[in-house]
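K.L.:
I have a structure here, written as structure tokens, and I will follow up with some questions on it.
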Amino acid sequence: MVRADRSAMALLWESDEGLDSDMIDVAPGVWIRNGRRTRAWAATAVLWSALFASLVFIPNHSAGPTTLSQILGLGAFYLGIAGVGFILACRVARAGVWIGSDGIVVRGPFRTHHIALENGARFAPGLQGRGGNGTPCPMLERPERRAVGVWALGRRNIWFRYERVSQEIQPLCDTLTELVEGLRSAPASSDPGSQRS
């Protein structure tokens with residue numbers, strides 16, 4: 001049976017920019033994420049939201065809206081965009097993958113996938129995105145269904161060499177797959193849980 005021994009399954013994620021390495025704890029029943037990646041993207045979303053919210057306070061010139069309803073409409077527009085940015089920042093900060101006896105949950109910036117353990121075949125390096133362009137990250141490959149990318153464990157996607165990044169992601173994918181296989185082969189608990197695919 002897989003134990004929640006976080007130190008035994010911790011992986012060192014090497015950064016190709018020479019910055020300090022990130023520690024990713026791979027353990028059952030906890031959210032697994034690259035904290036540096038999720039925090040940086042969430043902070044960027046908050047910054048853009050604050051920028052849009054501040055546009056409400058820029059002085060009005062003669063070329064801009066002149067009536068109160070136009071000013072309020074423009075303010076609602078800017079504050080609405082800022083609100084969407086803050087919601088996105090919260091989702092980005094909480095992105096990750098959770099693997100437990102009840103199944104696998106992959107939470108991304110826009111969608112959350114609930115996958116039963118028996119439906120999660122294995123993790124493999126891949127690109128999350130369409131058209132051959134996207135974020136290099138572990139992909140949860142499922143038989144007869146589209147693979148689900150774990151954005152929170154992805155790498156930077158500007159000027160990358162796919163073969164090299166795939167090799168760097170492979171040990172993390174192997175560890176995630178071992179965790180899934182260990183939980184899948186463990187004896188079933190008395191609590192059936194809620195397994196959704």
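Every chain in the structure tokens has a letter given in the order shown (A, B, ...), and although residue numbers restart at 1 in each chain, ligands are simply numbered from 1 in the order shown.
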Please provide the set of residues having any atom within 12 Å of Cys90 in chain A, restricted to only C-alpha atoms, with same-chain residues fewer than 5 positions apart removed, written as a PDB file with N, CA and C atoms, in the first residue's frame.
P.N.:
```pdb
ATOM      1  N   THR A  38       2.787  28.277 -10.161  1.00  0.00           N
ATOM      2  CA  THR A  38       1.426  28.742  -9.866  1.00  0.00           C
ATOM      3  C   THR A  38       1.430  30.111  -9.208  1.00  0.00           C
ATOM      4  N   ARG A  39       2.379  30.357  -8.305  1.00  0.00           N
ATOM      5  CA  ARG A  39       2.444  31.673  -7.651  1.00  0.00           C
ATOM      6  C   ARG A  39       2.812  32.774  -8.641  1.00  0.00           C
ATOM      7  N   ALA A  40       3.761  32.499  -9.534  1.00  0.00           N
ATOM      8  CA  ALA A  40       4.187  33.522 -10.497  1.00  0.00           C
ATOM      9  C   ALA A  40       3.059  33.883 -11.456  1.00  0.00           C
ATOM     10  N   TRP A  41       2.352  32.890 -11.977  1.00  0.00           N
ATOM     11  CA  TRP A  41       1.258  33.175 -12.899  1.00  0.00           C
ATOM     12  C   TRP A  41       0.087  33.845 -12.192  1.00  0.00           C
ATOM     13  N   ALA A  42      -0.191  33.444 -10.949  1.00  0.00           N
ATOM     14  CA  ALA A  42      -1.271  34.099 -10.199  1.00  0.00           C
ATOM     15  C   ALA A  42      -0.919  35.558  -9.923  1.00  0.00           C
ATOM     16  N   ALA A  43       0.337  35.829  -9.578  1.00  0.00           N
ATOM     17  CA  ALA A  43       0.763  37.204  -9.324  1.00  0.00           C
ATOM     18  C   ALA A  43       0.660  38.045 -10.600  1.00  0.00           C
ATOM     19  N   THR A  44       0.980  37.451 -11.742  1.00  0.00           N
ATOM     20  CA  THR A  44       0.853  38.167 -13.011  1.00  0.00           C
ATOM     21  C   THR A  44      -0.609  38.520 -13.296  1.00  0.00           C
ATOM     22  N   ALA A  45      -1.510  37.588 -13.034  1.00  0.00           N
ATOM     23  CA  ALA A  45      -2.939  37.844 -13.251  1.00  0.00           C
ATOM     24  C   ALA A  45      -3.446  38.941 -12.319  1.00  0.00           C
ATOM     25  N   VAL A  46      -2.979  38.938 -11.070  1.00  0.00           N
ATOM     26  CA  VAL A  46      -3.381  39.989 -10.121  1.00  0.00           C
ATOM     27  C   VAL A  46      -2.848  41.340 -10.582  1.00  0.00           C
ATOM     28  N   SER A  49      -4.942  42.581 -13.412  1.00  0.00           N
ATOM     29  CA  SER A  49      -6.257  42.980 -12.906  1.00  0.00           C
ATOM     30  C   SER A  49      -6.183  44.340 -12.224  1.00  0.00           C
ATOM     31  N   GLY A  83     -12.167  41.947 -12.371  1.00  0.00           N
ATOM     32  CA  GLY A  83     -12.776  40.870 -11.590  1.00  0.00           C
ATOM     33  C   GLY A  83     -12.507  39.502 -12.183  1.00  0.00           C
ATOM     34  N   VAL A  84     -12.609  39.395 -13.515  1.00  0.00           N
ATOM     35  CA  VAL A  84     -12.308  38.127 -14.185  1.00  0.00           C
ATOM     36  C   VAL A  84     -10.844  37.757 -13.953  1.00  0.00           C
ATOM     37  N   GLY A  85      -9.961  38.742 -13.991  1.00  0.00           N
ATOM     38  CA  GLY A  85      -8.538  38.482 -13.738  1.00  0.00           C
ATOM     39  C   GLY A  85      -8.277  37.985 -12.326  1.00  0.00           C
ATOM     40  N   ALA A  95      -4.243  25.558  -8.905  1.00  0.00           N
ATOM     41  CA  ALA A  95      -4.084  24.509  -9.909  1.00  0.00           C
ATOM     42  C   ALA A  95      -3.139  23.427  -9.403  1.00  0.00           C
ATOM     43  N   ARG A 107      -6.705  19.899 -11.660  1.00  0.00           N
ATOM     44  CA  ARG A 107      -7.283  21.244 -11.652  1.00  0.00           C
ATOM     45  C   ARG A 107      -6.358  22.178 -12.405  1.00  0.00           C
ATOM     46  N   GLY A 108      -6.883  22.794 -13.467  1.00  0.00           N
ATOM     47  CA  GLY A 108      -6.129  23.742 -14.264  1.00  0.00           C
ATOM     48  C   GLY A 108      -6.686  25.144 -14.103  1.00  0.00           C
ATOM     49  N   PRO A 109      -6.158  26.096 -14.852  1.00  0.00           N
ATOM     50  CA  PRO A 109      -6.663  27.466 -14.750  1.00  0.00           C
ATOM     51  C   PRO A 109      -8.116  27.610 -15.185  1.00  0.00           C
ATOM     52  N   PHE A 110      -8.582  26.766 -16.099  1.00  0.00           N
ATOM     53  CA  PHE A 110      -9.930  26.925 -16.648  1.00  0.00           C
ATOM     54  C   PHE A 110     -10.863  25.760 -16.361  1.00  0.00           C
TER      55      PHE A 110
END
```
K.L.:
Just give me the gap between CA of Leu47 in chain A and CA of Ile32 in chain A in Å, one decimal is fine.
P.N.:
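If I compute the distance from CA of Leu47 in chain A to CA of Ile32 in chain A, I get 25.0 Å.
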K.L.:
What is the distance between CA of Ala152 in chain A and CA of Arg37 in chain A, in Å to one decimal?
P.N.:
6.8 Å
K.L.:
Show which residues sit within 9 Å of Gly100 in chain A, as a PDB file with C-alpha atoms, in the first residue's frame. Count only C-alpha atoms, and ignore same-chain residues fewer than 5 positions away.
P.N.:
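Output file part-v7.pdb is given in full below:
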```
ATOM      1  CA  ALA A  27       2.341  11.917  -2.286  1.00  0.00           C
ATOM      2  CA  PRO A  28      -1.155  10.489  -2.103  1.00  0.00           C
ATOM      3  CA  GLY A  29      -3.929  12.710  -0.791  1.00  0.00           C
ATOM      4  CA  VAL A  30      -2.158  16.073  -1.228  1.00  0.00           C
ATOM      5  CA  VAL A 105      -8.343  15.358  -9.792  1.00  0.00           C
ATOM      6  CA  LEU A 117      -8.147   5.519 -10.756  1.00  0.00           C
ATOM      7  CA  LEU A 179       1.746   6.529  -7.279  1.00  0.00           C
ATOM      8  CA  VAL A 180      -1.369   5.816  -9.376  1.00  0.00           C
ATOM      9  CA  LEU A 183      -3.080   3.176  -5.199  1.00  0.00           C
TER      10      LEU A 183
END
```
K.L.:
Smallest atom-to-atom distance to Arg111 in chain A: which of A:Pro171, A:Arg94, A:Leu68, A:Ala124, using only C-alpha atoms?
P.N.:
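Checking each of A:Pro171, A:Arg94, A:Leu68, A:Ala124 against Arg111 in chain A, counting only C-alpha atoms, the winner is A:Arg94.
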K.L.:
Residues of range 119-174 of chain A in strand (DSSP E or B) according to DSSP, as a short mmCIF file (atom, residue, chain, number, x, y, z; two decimals) with N, CA and C atoms, in the first residue's frame?
P.N.:
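Writing the result to states-v9.cif gives the following:
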```
data_model
loop_
_atom_site.label_atom_id
_atom_site.label_comp_id
_atom_site.auth_asym_id
_atom_site.auth_seq_id
_atom_site.Cartn_x
_atom_site.Cartn_y
_atom_site.Cartn_z
N ARG A 122 -1.66 6.33 -17.38
CA ARG A 122 -0.29 6.66 -16.99
C ARG A 122 -0.02 8.13 -17.31
N PHE A 123 1.04 8.66 -16.72
CA PHE A 123 1.50 10.02 -17.01
C PHE A 123 2.67 9.93 -17.97
N ALA A 124 2.69 10.83 -18.94
CA ALA A 124 3.78 10.88 -19.92
C ALA A 124 4.01 12.34 -20.30
N PRO A 125 5.23 12.70 -20.68
CA PRO A 125 5.48 14.07 -21.13
C PRO A 125 4.68 14.38 -22.39
N GLY A 126 4.20 15.60 -22.48
CA GLY A 126 3.45 16.01 -23.66
C GLY A 126 3.25 17.52 -23.68
N LEU A 127 2.48 17.97 -24.65
CA LEU A 127 2.17 19.39 -24.79
C LEU A 127 0.69 19.61 -24.49
N GLN A 128 0.41 20.46 -23.52
CA GLN A 128 -0.97 20.83 -23.25
C GLN A 128 -1.31 22.02 -24.14
N THR A 135 2.04 24.16 -23.52
CA THR A 135 2.90 24.06 -22.35
C THR A 135 3.41 22.64 -22.22
N PRO A 136 4.73 22.41 -22.21
CA PRO A 136 5.25 21.07 -21.93
C PRO A 136 4.97 20.71 -20.48
N CYS A 137 4.27 19.60 -20.27
CA CYS A 137 3.90 19.20 -18.91
C CYS A 137 3.57 17.72 -18.89
N PRO A 138 3.44 17.13 -17.68
CA PRO A 138 2.95 15.75 -17.61
C PRO A 138 1.51 15.68 -18.12
N MET A 139 1.24 14.69 -18.96
CA MET A 139 -0.10 14.47 -19.50
C MET A 139 -0.62 13.15 -18.93
N LEU A 140 -1.84 13.18 -18.40
CA LEU A 140 -2.48 11.97 -17.92
C LEU A 140 -3.16 11.31 -19.12
N GLU A 141 -2.55 10.24 -19.60
CA GLU A 141 -3.07 9.55 -20.77
C GLU A 141 -4.10 8.52 -20.34
N VAL A 148 -5.17 14.45 -20.47
CA VAL A 148 -5.39 15.65 -19.66
C VAL A 148 -4.03 16.17 -19.21
N GLY A 149 -3.73 17.42 -19.53
CA GLY A 149 -2.46 18.02 -19.14
C GLY A 149 -2.51 18.57 -17.73
#
```
K.L.:
Which residue out of A:Ile71, A:Asp25, A:Phe77, A:Phe52 has the minimum interatomic distance to Thr175 in chain A when only C-alpha atoms are used?
P.N.:
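With only C-alpha atoms as the atom set, the closest residue is A:Asp25.
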